[in-house]
Amino acid sequence: MSEQNEELDLFRDMVLRFLEQEIEPHFEEWEKNHMMPREVWNTMGAAGLLLVDMPEEYGSAGASFDVTQMIMWEMSRLGYAGLATGYNIHANICAPYINNIGTEAQKAKWLPKMVSGEVVSAIGMTEPGAGSDLAALRTTAVKDGDEYVLNGSKVFITNGIHADLVIVCAKTDPKAGAKGISLFLVDTSLPGYSTGKKIEKIGQHSSDTAELFFSDLRVPADALLGEEGKGFVYLMEELPRERLGCSTQAVGAAQGALDLAAAYVQERQAFGQPIAKFQNTRFKLADVKTDIELSLALLEKNIAKFKQGKMTVDDAAVLKLATTEMQLRAVNDCLQMFGGYGYTVEYPISRFYVDARIQTIYAGSSEIMKEVISRGIVGR
């Protein structure tokens with residue numbers, strides 16, 4: 001255990017230095033521009049922060065799973081939610097799909113470039129008419145000789161503008177429902193691939209979110225990720241890690257909001273004393289702290305289960321529901337302590353507030369999480 005803690009501490013020092021030097025001076029500007037520059041990915045790659053827990057043979061650090069989660073925690077705690085979400089998709093979601101399901105040739109082709117930042121990745125699940133209901137996908141992939149022809153569109157795709165590689169969920173058998181879904185590694189430089197304009201959101205402005213379009217897009221047969229028709233099974237296998245990543249972001253961000261509020265209430269005066277002296281402030285801080293500790297215990301329990309290969313879809317649903325709903329409560333209570341200043345963009349707590357709102361929606365909404373959990377209790 002001590003060896004693992006030592007690894008975490010070493011990486012944490014490096015991560016914090018990197019964020020202080022390479023992100024902090026520019027982040028406000030990126031938020032105002034509503035876009036993070038593409039070269040930030042190369043900078044993260046050069047610093048050794050991408051895909052840290054992938055196998056060393058692909059150029060990765062070969063670090064533990066905990067290190068990836070710590071990187072997202074620190075990004076979220078410091079208020080870089082747009083960066084953390086993009087990082088989560090690239091390093092914590094897309095990379096494991098390729099590493100766990102891909103052929104040796106696919107791994108050798110894509111993972112080293114994802115480690116260096118030369119390739120930015122995204123995953124294309126959501127469509128205008130199909131969010132959590134993946135069986136309703138309308139994007140199709142039709143076999144034609146030694147190629148597949150893709151037609152359709154995706155929406156709300158994180159990293160969509162910068163992506164060089166997209167894992168696309170498509171129907172290879174439109175009549176088979178969930179059993180007709182397959183996954184494809186789509187090179188975004190291919191003819192027939194295009195992106196819409198960046199989707200403007202109420203928060204996480206620096207993360208790029210886009211619509212993707214496939215018009216008679218031809219990919220080679222070896223772009224199929226895993227087996228044809230097994231896409232839904234792969235999605236179910238990989239969803240726990242995705243939701244765990246969202247939960248890491250949630251607890252980290254809640255801690256960041258509490259840090260800001262705790263500092264502010266000791267400086268802000270009202271009625272001749274710091275507002276930290278008022279019982280309401282003190283009790284609110286205590287409630288938030290307790291909420292965070294409970295969520296952190298659940299998160300750490302699930303990280304341990306995940307590393308043992310024992311974390312279930314049910315576990316992931318409980319974790320994501322609990323932690324992201326906690327995040328919304330925590331940032332709301334922390335913002336309230338700032339009074340009117342909390343509603344101004346000048347104070348970072350306002351960004352924690354708007355950035356948090358998507359967390360109970362993407363990667364499976366709270367309502368879907370409740371449905372998954374209830375099925376585990378009383379069936380369908």
# chains A, B, ... in the order shown; residues from 1 in each chain; ligands from 1
>>> residues_around(residues="A:Asn302", least_positions_apart="3", cutoff="8 Å", atoms="only C-alpha atoms", output="ChimeraX atom specification")
/A:244,298-299,305-306,311,315-316,319
>>> select_by_dssp(residues="stretch 115-306 of chain A", states="strand (DSSP E)", output="PyMOL selection string")
chain A and resi 121-124+140-144+147-158+165-171+181-187+193-195+209-220+224-225+269-270+273-274
>>> closest_atom_pairs(of="stretch 5-82 of chain A", to="stretch 240-243 of chain A", cutoff="12 Å", atoms="only C-alpha atoms", output="JSON lines")
{"residue": "A:Phe65", "atom": "CA", "partner": "A:Arg241", "partner_atom": "CA", "distance": 10.2}
{"residue": "A:Asp66", "atom": "CA", "partner": "A:Arg241", "partner_atom": "CA", "distance": 11.9}
{"residue": "A:Thr68", "atom": "CA", "partner": "A:Arg241", "partner_atom": "CA", "distance": 11.2}
{"residue": "A:Gln69", "atom": "CA", "partner": "A:Arg241", "partner_atom": "CA", "distance": 10.2}
>>> write_last_selection(atoms="N, CA, C and O atoms", output="compact mmCIF listing (two decimals), in the first residue's frame")
# COMPACT_ATOMS: atom_id res chain seq x y z
N PHE A 65 -4.33 2.53 -11.80
CA PHE A 65 -5.64 3.13 -12.09
C PHE A 65 -5.90 4.34 -11.20
O PHE A 65 -6.50 5.33 -11.64
N ASP A 66 -5.42 4.26 -9.96
CA ASP A 66 -5.63 5.37 -9.01
C ASP A 66 -5.05 6.69 -9.51
O ASP A 66 -5.57 7.76 -9.20
N THR A 68 -4.83 7.81 -12.65
CA THR A 68 -5.76 8.44 -13.60
C THR A 68 -6.88 9.16 -12.85
O THR A 68 -7.25 10.30 -13.19
N GLN A 69 -7.42 8.51 -11.83
CA GLN A 69 -8.51 9.11 -11.06
C GLN A 69 -8.02 10.35 -10.30
O GLN A 69 -8.71 11.37 -10.23
>>> residues_around(residues="stretch 136-146 of chain A", least_positions_apart="4", cutoff="12 Å", atoms="only C-alpha atoms", output="number ranges by chain")
A: 124-132, 150-155, 168-184, 186, 212-224, 228-229, 231-232
>>> closest_residue(among="A:Thr290, A:Ser295, A:Ser121, A:Thr43", to="A:Gln249", atoms="only C-alpha atoms")
A:Ser295
>>> residues_around(residues="stretch 107-118 of chain A", least_positions_apart="3", cutoff="8 Å", atoms="only C-alpha atoms", output="list in words")
Trp41, Asn42, Thr43, Met44, Gly45, Ala46, Gly48, Leu50, Leu51, Val52, Tyr58, Gly59, Ser60, His90, Ala95, Ile98, Asn99, Gly102, Thr103, Glu104 and Ser121 of chain A
>>> select_by_dssp(residues="stretch 263-365 of chain A", states="alpha helix (DSSP H)", output="PyMOL selection string")
chain A and resi 263-267+279-307+313-336+349-356
>>> residues_around(residues="stretch 261-273 of chain A", least_positions_apart="2", cutoff="10 Å", atoms="only C-alpha atoms", output="PDB file with all heavy atoms, in the first residue's frame")
ATOM      1  N   GLN A 255     -15.166  19.144  -3.237  1.00  0.00           N
ATOM      2  CA  GLN A 255     -14.089  19.524  -2.310  1.00  0.00           C
ATOM      3  C   GLN A 255     -13.517  20.894  -2.674  1.00  0.00           C
ATOM      4  O   GLN A 255     -13.244  21.718  -1.797  1.00  0.00           O
ATOM      5  CB  GLN A 255     -12.974  18.472  -2.319  1.00  0.00           C
ATOM      6  CG  GLN A 255     -11.843  18.753  -1.348  1.00  0.00           C
ATOM      7  CD  GLN A 255     -12.306  18.768   0.101  1.00  0.00           C
ATOM      8  OE1 GLN A 255     -12.897  17.800   0.571  1.00  0.00           O
ATOM      9  NE2 GLN A 255     -12.050  19.865   0.805  1.00  0.00           N
ATOM     10  N   GLY A 256     -13.358  21.136  -3.977  1.00  0.00           N
ATOM     11  CA  GLY A 256     -12.865  22.436  -4.437  1.00  0.00           C
ATOM     12  C   GLY A 256     -13.798  23.571  -4.054  1.00  0.00           C
ATOM     13  O   GLY A 256     -13.356  24.649  -3.625  1.00  0.00           O
ATOM     14  N   ALA A 257     -15.107  23.323  -4.184  1.00  0.00           N
ATOM     15  CA  ALA A 257     -16.100  24.343  -3.817  1.00  0.00           C
ATOM     16  C   ALA A 257     -16.064  24.612  -2.316  1.00  0.00           C
ATOM     17  O   ALA A 257     -16.142  25.770  -1.874  1.00  0.00           O
ATOM     18  CB  ALA A 257     -17.499  23.885  -4.244  1.00  0.00           C
ATOM     19  N   LEU A 258     -15.924  23.548  -1.528  1.00  0.00           N
ATOM     20  CA  LEU A 258     -15.842  23.716  -0.074  1.00  0.00           C
ATOM     21  C   LEU A 258     -14.587  24.497   0.319  1.00  0.00           C
ATOM     22  O   LEU A 258     -14.636  25.373   1.191  1.00  0.00           O
ATOM     23  CB  LEU A 258     -15.842  22.344   0.610  1.00  0.00           C
ATOM     24  CG  LEU A 258     -15.697  22.346   2.140  1.00  0.00           C
ATOM     25  CD1 LEU A 258     -16.827  23.118   2.809  1.00  0.00           C
ATOM     26  CD2 LEU A 258     -15.635  20.919   2.683  1.00  0.00           C
ATOM     27  N   ASP A 259     -13.471  24.210  -0.346  1.00  0.00           N
ATOM     28  CA  ASP A 259     -12.230  24.948  -0.071  1.00  0.00           C
ATOM     29  C   ASP A 259     -12.423  26.448  -0.305  1.00  0.00           C
ATOM     30  O   ASP A 259     -11.985  27.279   0.506  1.00  0.00           O
ATOM     31  CB  ASP A 259     -11.091  24.436  -0.963  1.00  0.00           C
ATOM     32  CG  ASP A 259     -10.670  23.001  -0.637  1.00  0.00           C
ATOM     33  OD1 ASP A 259     -11.041  22.503   0.445  1.00  0.00           O
ATOM     34  OD2 ASP A 259      -9.988  22.384  -1.482  1.00  0.00           O
ATOM     35  N   ILE A 275     -18.347  36.027   8.571  1.00  0.00           N
ATOM     36  CA  ILE A 275     -19.574  35.212   8.510  1.00  0.00           C
ATOM     37  C   ILE A 275     -19.306  33.760   8.921  1.00  0.00           C
ATOM     38  O   ILE A 275     -20.242  33.009   9.182  1.00  0.00           O
ATOM     39  CB  ILE A 275     -20.265  35.289   7.122  1.00  0.00           C
ATOM     40  CG1 ILE A 275     -19.354  34.779   6.001  1.00  0.00           C
ATOM     41  CG2 ILE A 275     -20.743  36.702   6.826  1.00  0.00           C
ATOM     42  CD1 ILE A 275     -20.080  34.691   4.650  1.00  0.00           C
ATOM     43  N   ALA A 276     -18.044  33.397   9.040  1.00  0.00           N
ATOM     44  CA  ALA A 276     -17.696  32.071   9.567  1.00  0.00           C
ATOM     45  C   ALA A 276     -18.102  31.920  11.033  1.00  0.00           C
ATOM     46  O   ALA A 276     -18.147  30.803  11.558  1.00  0.00           O
ATOM     47  CB  ALA A 276     -16.201  31.810   9.419  1.00  0.00           C
ATOM     48  N   LYS A 277     -18.401  33.027  11.698  1.00  0.00           N
ATOM     49  CA  LYS A 277     -18.804  32.976  13.111  1.00  0.00           C
ATOM     50  C   LYS A 277     -20.290  32.645  13.275  1.00  0.00           C
ATOM     51  O   LYS A 277     -20.728  32.309  14.377  1.00  0.00           O
ATOM     52  CB  LYS A 277     -18.515  34.310  13.801  1.00  0.00           C
ATOM     53  CG  LYS A 277     -17.041  34.711  13.817  1.00  0.00           C
ATOM     54  CD  LYS A 277     -16.267  33.901  14.827  1.00  0.00           C
ATOM     55  CE  LYS A 277     -14.837  34.415  14.952  1.00  0.00           C
ATOM     56  NZ  LYS A 277     -14.002  33.497  15.747  1.00  0.00           N
ATOM     57  N   PHE A 278     -21.065  32.781  12.196  1.00  0.00           N
ATOM     58  CA  PHE A 278     -22.508  32.534  12.299  1.00  0.00           C
ATOM     59  C   PHE A 278     -22.804  31.037  12.249  1.00  0.00           C
ATOM     60  O   PHE A 278     -22.220  30.287  11.455  1.00  0.00           O
ATOM     61  CB  PHE A 278     -23.261  33.248  11.179  1.00  0.00           C
ATOM     62  CG  PHE A 278     -23.187  34.750  11.277  1.00  0.00           C
ATOM     63  CD1 PHE A 278     -22.456  35.484  10.353  1.00  0.00           C
ATOM     64  CD2 PHE A 278     -23.843  35.420  12.301  1.00  0.00           C
ATOM     65  CE1 PHE A 278     -22.376  36.865  10.444  1.00  0.00           C
ATOM     66  CE2 PHE A 278     -23.757  36.804  12.398  1.00  0.00           C
ATOM     67  CZ  PHE A 278     -23.021  37.531  11.467  1.00  0.00           C
ATOM     68  N   THR A 281     -23.681  29.411   8.832  1.00  0.00           N
ATOM     69  CA  THR A 281     -22.516  29.169   7.973  1.00  0.00           C
ATOM     70  C   THR A 281     -21.771  27.925   8.429  1.00  0.00           C
ATOM     71  O   THR A 281     -21.427  27.053   7.618  1.00  0.00           O
ATOM     72  CB  THR A 281     -21.550  30.377   8.023  1.00  0.00           C
ATOM     73  OG1 THR A 281     -22.267  31.566   7.679  1.00  0.00           O
ATOM     74  CG2 THR A 281     -20.382  30.181   7.070  1.00  0.00           C
ATOM     75  N   ARG A 282     -21.532  27.837   9.718  1.00  0.00           N
ATOM     76  CA  ARG A 282     -20.754  26.726  10.275  1.00  0.00           C
ATOM     77  C   ARG A 282     -21.459  25.387  10.037  1.00  0.00           C
ATOM     78  O   ARG A 282     -20.838  24.386   9.658  1.00  0.00           O
ATOM     79  CB  ARG A 282     -20.518  26.946  11.772  1.00  0.00           C
ATOM     80  CG  ARG A 282     -19.782  28.247  12.072  1.00  0.00           C
ATOM     81  CD  ARG A 282     -19.731  28.547  13.552  1.00  0.00           C
ATOM     82  NE  ARG A 282     -18.768  27.686  14.245  1.00  0.00           N
ATOM     83  CZ  ARG A 282     -17.470  27.949  14.313  1.00  0.00           C
ATOM     84  NH1 ARG A 282     -16.967  29.030  13.738  1.00  0.00           N
ATOM     85  NH2 ARG A 282     -16.670  27.133  14.956  1.00  0.00           N
ATOM     86  N   LEU A 285     -21.314  24.408   6.307  1.00  0.00           N
ATOM     87  CA  LEU A 285     -19.989  23.858   6.008  1.00  0.00           C
ATOM     88  C   LEU A 285     -19.870  22.423   6.532  1.00  0.00           C
ATOM     89  O   LEU A 285     -19.323  21.544   5.855  1.00  0.00           O
ATOM     90  CB  LEU A 285     -18.894  24.727   6.623  1.00  0.00           C
ATOM     91  CG  LEU A 285     -18.670  26.104   5.992  1.00  0.00           C
ATOM     92  CD1 LEU A 285     -17.768  26.955   6.883  1.00  0.00           C
ATOM     93  CD2 LEU A 285     -18.076  25.988   4.599  1.00  0.00           C
ATOM     94  N   VAL A 331     -22.178  22.431  -4.258  1.00  0.00           N
ATOM     95  CA  VAL A 331     -21.814  23.698  -4.903  1.00  0.00           C
ATOM     96  C   VAL A 331     -22.909  24.745  -4.703  1.00  0.00           C
ATOM     97  O   VAL A 331     -22.623  25.940  -4.587  1.00  0.00           O
ATOM     98  CB  VAL A 331     -21.481  23.526  -6.410  1.00  0.00           C
ATOM     99  CG1 VAL A 331     -20.261  22.649  -6.602  1.00  0.00           C
ATOM    100  CG2 VAL A 331     -22.648  22.991  -7.212  1.00  0.00           C
ATOM    101  N   ASP A 333     -24.867  25.014  -1.989  1.00  0.00           N
ATOM    102  CA  ASP A 333     -24.713  25.528  -0.622  1.00  0.00           C
ATOM    103  C   ASP A 333     -23.476  26.419  -0.495  1.00  0.00           C
ATOM    104  O   ASP A 333     -23.503  27.432   0.201  1.00  0.00           O
ATOM    105  CB  ASP A 333     -24.609  24.363   0.372  1.00  0.00           C
ATOM    106  CG  ASP A 333     -25.951  23.685   0.612  1.00  0.00           C
ATOM    107  OD1 ASP A 333     -26.986  24.259   0.234  1.00  0.00           O
ATOM    108  OD2 ASP A 333     -25.962  22.570   1.181  1.00  0.00           O
ATOM    109  N   CYS A 334     -22.396  26.039  -1.166  1.00  0.00           N
ATOM    110  CA  CYS A 334     -21.169  26.842  -1.095  1.00  0.00           C
ATOM    111  C   CYS A 334     -21.346  28.196  -1.784  1.00  0.00           C
ATOM    112  O   CYS A 334     -20.899  29.222  -1.265  1.00  0.00           O
ATOM    113  CB  CYS A 334     -19.997  26.075  -1.713  1.00  0.00           C
ATOM    114  SG  CYS A 334     -19.453  24.675  -0.705  1.00  0.00           S
ATOM    115  N   LEU A 335     -22.003  28.213  -2.927  1.00  0.00           N
ATOM    116  CA  LEU A 335     -22.243  29.480  -3.625  1.00  0.00           C
ATOM    117  C   LEU A 335     -23.074  30.426  -2.755  1.00  0.00           C
ATOM    118  O   LEU A 335     -22.820  31.631  -2.711  1.00  0.00           O
ATOM    119  CB  LEU A 335     -22.942  29.224  -4.967  1.00  0.00           C
ATOM    120  CG  LEU A 335     -23.158  30.465  -5.844  1.00  0.00           C
ATOM    121  CD1 LEU A 335     -22.987  30.125  -7.327  1.00  0.00           C
ATOM    122  CD2 LEU A 335     -24.526  31.102  -5.641  1.00  0.00           C
ATOM    123  N   GLN A 336     -24.066  29.871  -2.055  1.00  0.00           N
ATOM    124  CA  GLN A 336     -24.944  30.686  -1.213  1.00  0.00           C
ATOM    125  C   GLN A 336     -24.149  31.485  -0.185  1.00  0.00           C
ATOM    126  O   GLN A 336     -24.513  32.617   0.147  1.00  0.00           O
ATOM    127  CB  GLN A 336     -25.955  29.771  -0.506  1.00  0.00           C
ATOM    128  CG  GLN A 336     -27.050  30.505   0.257  1.00  0.00           C
ATOM    129  CD  GLN A 336     -28.096  31.132  -0.659  1.00  0.00           C
ATOM    130  OE1 GLN A 336     -28.165  30.812  -1.843  1.00  0.00           O
ATOM    131  NE2 GLN A 336     -28.895  32.033  -0.109  1.00  0.00           N
ATOM    132  N   MET A 337     -23.041  30.933   0.278  1.00  0.00           N
ATOM    133  CA  MET A 337     -22.240  31.610   1.296  1.00  0.00           C
ATOM    134  C   MET A 337     -21.537  32.860   0.754  1.00  0.00           C
ATOM    135  O   MET A 337     -21.086  33.698   1.518  1.00  0.00           O
ATOM    136  CB  MET A 337     -21.203  30.651   1.876  1.00  0.00           C
ATOM    137  CG  MET A 337     -21.815  29.479   2.624  1.00  0.00           C
ATOM    138  SD  MET A 337     -20.560  28.347   3.242  1.00  0.00           S
ATOM    139  CE  MET A 337     -21.450  26.795   3.224  1.00  0.00           C
ATOM    140  N   PHE A 338     -21.439  32.957  -0.564  1.00  0.00           N
ATOM    141  CA  PHE A 338     -20.800  34.121  -1.183  1.00  0.00           C
ATOM    142  C   PHE A 338     -21.780  35.266  -1.397  1.00  0.00           C
ATOM    143  O   PHE A 338     -21.385  36.349  -1.830  1.00  0.00           O
ATOM    144  CB  PHE A 338     -20.199  33.725  -2.539  1.00  0.00           C
ATOM    145  CG  PHE A 338     -18.913  32.947  -2.454  1.00  0.00           C
ATOM    146  CD1 PHE A 338     -18.911  31.608  -2.095  1.00  0.00           C
ATOM    147  CD2 PHE A 338     -17.698  33.555  -2.735  1.00  0.00           C
ATOM    148  CE1 PHE A 338     -17.733  30.889  -2.023  1.00  0.00           C
ATOM    149  CE2 PHE A 338     -16.504  32.846  -2.671  1.00  0.00           C
ATOM    150  CZ  PHE A 338     -16.521  31.510  -2.305  1.00  0.00           C
ATOM    151  N   GLY A 342     -21.340  35.446  -5.330  1.00  0.00           N
ATOM    152  CA  GLY A 342     -21.353  34.091  -5.878  1.00  0.00           C
ATOM    153  C   GLY A 342     -22.010  34.005  -7.242  1.00  0.00           C
ATOM    154  O   GLY A 342     -21.788  33.041  -7.989  1.00  0.00           O
ATOM    155  N   ILE A 349     -16.378  30.391  -7.698  1.00  0.00           N
ATOM    156  CA  ILE A 349     -17.443  29.504  -7.220  1.00  0.00           C
ATOM    157  C   ILE A 349     -18.591  29.438  -8.231  1.00  0.00           C
ATOM    158  O   ILE A 349     -19.260  28.407  -8.364  1.00  0.00           O
ATOM    159  CB  ILE A 349     -17.961  29.953  -5.822  1.00  0.00           C
ATOM    160  CG1 ILE A 349     -18.888  28.891  -5.208  1.00  0.00           C
ATOM    161  CG2 ILE A 349     -18.648  31.304  -5.897  1.00  0.00           C
ATOM    162  CD1 ILE A 349     -18.238  27.589  -4.854  1.00  0.00           C
TER     163      ILE A 349
END
>>> residues_around(residues="stretch 195-211 of chain A", least_positions_apart="4", cutoff="10 Å", atoms="only C-alpha atoms", output="PyMOL selection string")
chain A and resi 27-38+79-87+122+124+126-128+153-163+188+350-358
>>> write_last_selection(atoms="N, CA and C atoms", output="CSV table (one decimal), in the first residue's frame")
chain,number,residue,atom,x,y,z
A,27,PHE,N,-6.5,29.4,-18.2
A,27,PHE,CA,-7.8,28.8,-18.2
A,27,PHE,C,-9.0,29.8,-18.3
A,28,GLU,N,-8.8,31.0,-17.7
A,28,GLU,CA,-9.9,32.0,-17.8
A,28,GLU,C,-10.1,32.4,-19.3
A,29,GLU,N,-9.0,32.6,-20.0
A,29,GLU,CA,-9.0,33.0,-21.4
A,29,GLU,C,-9.7,31.9,-22.2
A,30,TRP,N,-9.4,30.6,-21.9
A,30,TRP,CA,-10.1,29.5,-22.7
A,30,TRP,C,-11.6,29.5,-22.4
A,31,GLU,N,-11.9,29.8,-21.1
A,31,GLU,CA,-13.3,29.8,-20.8
A,31,GLU,C,-14.1,31.0,-21.5
A,32,LYS,N,-13.4,32.1,-21.6
A,32,LYS,CA,-14.0,33.2,-22.3
A,32,LYS,C,-14.1,33.0,-23.8
A,33,ASN,N,-13.1,32.3,-24.4
A,33,ASN,CA,-13.1,31.9,-25.8
A,33,ASN,C,-14.0,30.7,-26.1
A,34,HIS,N,-14.5,30.1,-25.0
A,34,HIS,CA,-15.3,28.9,-25.2
A,34,HIS,C,-14.6,27.8,-25.9
A,35,MET,N,-13.3,27.7,-25.7
A,35,MET,CA,-12.5,26.6,-26.4
A,35,MET,C,-11.2,26.5,-25.8
A,36,MET,N,-10.7,25.2,-25.6
A,36,MET,CA,-9.4,25.0,-25.2
A,36,MET,C,-8.5,24.7,-26.4
A,37,PRO,N,-7.4,25.3,-26.5
A,37,PRO,CA,-6.6,25.1,-27.7
A,37,PRO,C,-6.2,23.6,-27.9
A,38,ARG,N,-6.1,23.2,-29.2
A,38,ARG,CA,-5.8,21.8,-29.5
A,38,ARG,C,-4.4,21.4,-28.9
A,79,GLY,N,-11.1,23.5,-10.2
A,79,GLY,CA,-12.1,24.2,-11.0
A,79,GLY,C,-11.9,24.1,-12.5
A,80,TYR,N,-11.2,23.2,-13.0
A,80,TYR,CA,-11.0,23.0,-14.5
A,80,TYR,C,-11.9,21.9,-15.0
A,81,ALA,N,-13.2,22.0,-14.8
A,81,ALA,CA,-14.1,21.0,-15.1
A,81,ALA,C,-14.1,20.6,-16.6
A,82,GLY,N,-14.0,21.7,-17.4
A,82,GLY,CA,-14.0,21.4,-18.9
A,82,GLY,C,-12.8,20.5,-19.3
A,83,LEU,N,-11.7,20.8,-18.7
A,83,LEU,CA,-10.5,20.0,-19.0
A,83,LEU,C,-10.7,18.6,-18.4
A,84,ALA,N,-11.2,18.5,-17.2
A,84,ALA,CA,-11.4,17.2,-16.6
A,84,ALA,C,-12.3,16.3,-17.4
A,85,THR,N,-13.4,16.9,-17.9
A,85,THR,CA,-14.3,16.1,-18.7
A,85,THR,C,-13.7,15.6,-20.0
A,86,GLY,N,-13.0,16.5,-20.7
A,86,GLY,CA,-12.3,16.1,-21.9
A,86,GLY,C,-11.3,15.0,-21.6
A,87,TYR,N,-10.5,15.2,-20.5
A,87,TYR,CA,-9.5,14.2,-20.1
A,87,TYR,C,-10.2,12.8,-19.8
A,122,ALA,N,-12.6,10.6,-28.9
A,122,ALA,CA,-14.0,10.9,-28.4
A,122,ALA,C,-14.8,9.6,-28.6
A,124,GLY,N,-18.7,8.3,-29.7
A,124,GLY,CA,-20.0,8.8,-30.3
A,124,GLY,C,-21.1,7.8,-30.0
A,126,THR,N,-24.4,9.2,-28.1
A,126,THR,CA,-25.6,9.9,-28.1
A,126,THR,C,-26.0,10.5,-29.5
A,127,GLU,N,-27.3,10.4,-29.8
A,127,GLU,CA,-27.9,10.9,-31.1
A,127,GLU,C,-29.0,11.8,-30.7
A,128,PRO,N,-29.4,12.6,-31.7
A,128,PRO,CA,-30.6,13.5,-31.4
A,128,PRO,C,-31.8,12.8,-30.9
A,153,SER,N,-25.7,10.4,-37.5
A,153,SER,CA,-25.1,11.6,-36.8
A,153,SER,C,-25.1,11.3,-35.3
A,154,LYS,N,-24.2,12.1,-34.6
A,154,LYS,CA,-24.1,12.1,-33.1
A,154,LYS,C,-24.2,13.5,-32.6
A,155,VAL,N,-24.6,13.6,-31.3
A,155,VAL,CA,-24.8,15.0,-30.7
A,155,VAL,C,-24.2,14.9,-29.3
A,156,PHE,N,-23.8,16.1,-28.8
A,156,PHE,CA,-23.2,16.3,-27.5
A,156,PHE,C,-22.0,15.5,-27.3
A,157,ILE,N,-21.1,15.5,-28.3
A,157,ILE,CA,-19.9,14.7,-28.3
A,157,ILE,C,-18.7,15.5,-27.7
A,158,THR,N,-18.3,15.1,-26.5
A,158,THR,CA,-17.2,15.8,-25.9
A,158,THR,C,-15.9,15.5,-26.6
A,159,ASN,N,-15.1,16.5,-26.8
A,159,ASN,CA,-13.8,16.4,-27.7
A,159,ASN,C,-14.2,16.3,-29.2
A,160,GLY,N,-15.4,16.5,-29.5
A,160,GLY,CA,-15.9,16.3,-30.9
A,160,GLY,C,-15.1,17.2,-31.9
A,161,ILE,N,-14.8,18.4,-31.6
A,161,ILE,CA,-14.1,19.4,-32.5
A,161,ILE,C,-12.7,18.9,-32.7
A,162,HIS,N,-12.0,18.6,-31.6
A,162,HIS,CA,-10.6,18.3,-31.7
A,162,HIS,C,-10.3,16.8,-32.1
A,163,ALA,N,-11.3,16.0,-32.0
A,163,ALA,CA,-11.1,14.5,-32.2
A,163,ALA,C,-10.4,14.1,-33.5
A,188,THR,N,-11.0,10.6,-38.1
A,188,THR,CA,-11.8,11.7,-38.5
A,188,THR,C,-11.3,12.4,-39.8
A,350,SER,N,-18.8,30.5,-9.0
A,350,SER,CA,-19.9,30.5,-10.0
A,350,SER,C,-19.6,29.5,-11.1
A,351,ARG,N,-18.3,29.3,-11.4
A,351,ARG,CA,-18.0,28.3,-12.4
A,351,ARG,C,-18.2,26.9,-11.9
A,352,PHE,N,-17.9,26.7,-10.6
A,352,PHE,CA,-18.2,25.4,-10.0
A,352,PHE,C,-19.7,25.1,-10.2
A,353,TYR,N,-20.5,26.1,-10.0
A,353,TYR,CA,-21.9,25.9,-10.0
A,353,TYR,C,-22.4,25.5,-11.4
A,354,VAL,N,-22.1,26.3,-12.4
A,354,VAL,CA,-22.6,26.0,-13.7
A,354,VAL,C,-22.0,24.7,-14.3
A,355,ASP,N,-20.7,24.5,-14.0
A,355,ASP,CA,-20.0,23.3,-14.5
A,355,ASP,C,-20.6,22.0,-14.0
A,356,ALA,N,-21.1,22.1,-12.7
A,356,ALA,CA,-21.6,20.9,-12.1
A,356,ALA,C,-22.9,20.4,-12.7
A,357,ARG,N,-23.7,21.3,-13.3
A,357,ARG,CA,-25.0,20.9,-13.7
A,357,ARG,C,-25.2,19.7,-14.7
A,358,ILE,N,-24.2,19.6,-15.6
A,358,ILE,CA,-24.2,18.5,-16.6
A,358,ILE,C,-24.0,17.1,-15.9
>>> closest_residue(among="A:Glu74, A:Glu57, A:Glu39, A:Glu346", to="A:Phe18", atoms="only C-alpha atoms")
A:Glu74
>>> atom_distance(atom1="atom CA of A:Tyr234", atom2="atom CA of A:Ala250")
24.7 Å
>>> atom_distance(atom1="atom CA of A:Pro55", atom2="atom CA of A:Ser76")
25.4 Å
>>> decode(residues="stretch 205-227 of chain A", atoms="C-alpha atoms", output="PDB file, in the first residue's frame")
ATOM      1  CA  HIS A 205     -17.141  26.343 -21.765  1.00  0.00           C
ATOM      2  CA  SER A 206     -13.543  25.370 -22.452  1.00  0.00           C
ATOM      3  CA  SER A 207     -14.471  21.777 -23.313  1.00  0.00           C
ATOM      4  CA  ASP A 208     -15.408  21.301 -26.941  1.00  0.00           C
ATOM      5  CA  THR A 209     -18.755  19.619 -27.553  1.00  0.00           C
ATOM      6  CA  ALA A 210     -19.980  18.980 -31.072  1.00  0.00           C
ATOM      7  CA  GLU A 211     -22.348  17.277 -33.463  1.00  0.00           C
ATOM      8  CA  LEU A 212     -20.767  14.662 -35.721  1.00  0.00           C
ATOM      9  CA  PHE A 213     -22.013  13.632 -39.152  1.00  0.00           C
ATOM     10  CA  PHE A 214     -21.277  10.523 -41.228  1.00  0.00           C
ATOM     11  CA  SER A 215     -22.254  10.634 -44.878  1.00  0.00           C
ATOM     12  CA  ASP A 216     -21.354   7.459 -46.792  1.00  0.00           C
ATOM     13  CA  LEU A 217     -18.248   7.328 -44.616  1.00  0.00           C
ATOM     14  CA  ARG A 218     -16.208   4.278 -45.572  1.00  0.00           C
ATOM     15  CA  VAL A 219     -14.027   2.607 -42.965  1.00  0.00           C
ATOM     16  CA  PRO A 220     -11.933  -0.531 -43.517  1.00  0.00           C
ATOM     17  CA  ALA A 221     -13.232  -3.782 -42.027  1.00  0.00           C
ATOM     18  CA  ASP A 222     -10.375  -3.704 -39.507  1.00  0.00           C
ATOM     19  CA  ALA A 223     -11.851  -0.518 -38.025  1.00  0.00           C
ATOM     20  CA  LEU A 224     -14.458  -2.738 -36.327  1.00  0.00           C
ATOM     21  CA  LEU A 225     -13.699  -2.691 -32.578  1.00  0.00           C
ATOM     22  CA  GLY A 226     -14.312  -6.141 -31.131  1.00  0.00           C
ATOM     23  CA  GLU A 227     -16.936  -8.386 -32.686  1.00  0.00           C
TER      24      GLU A 227
END
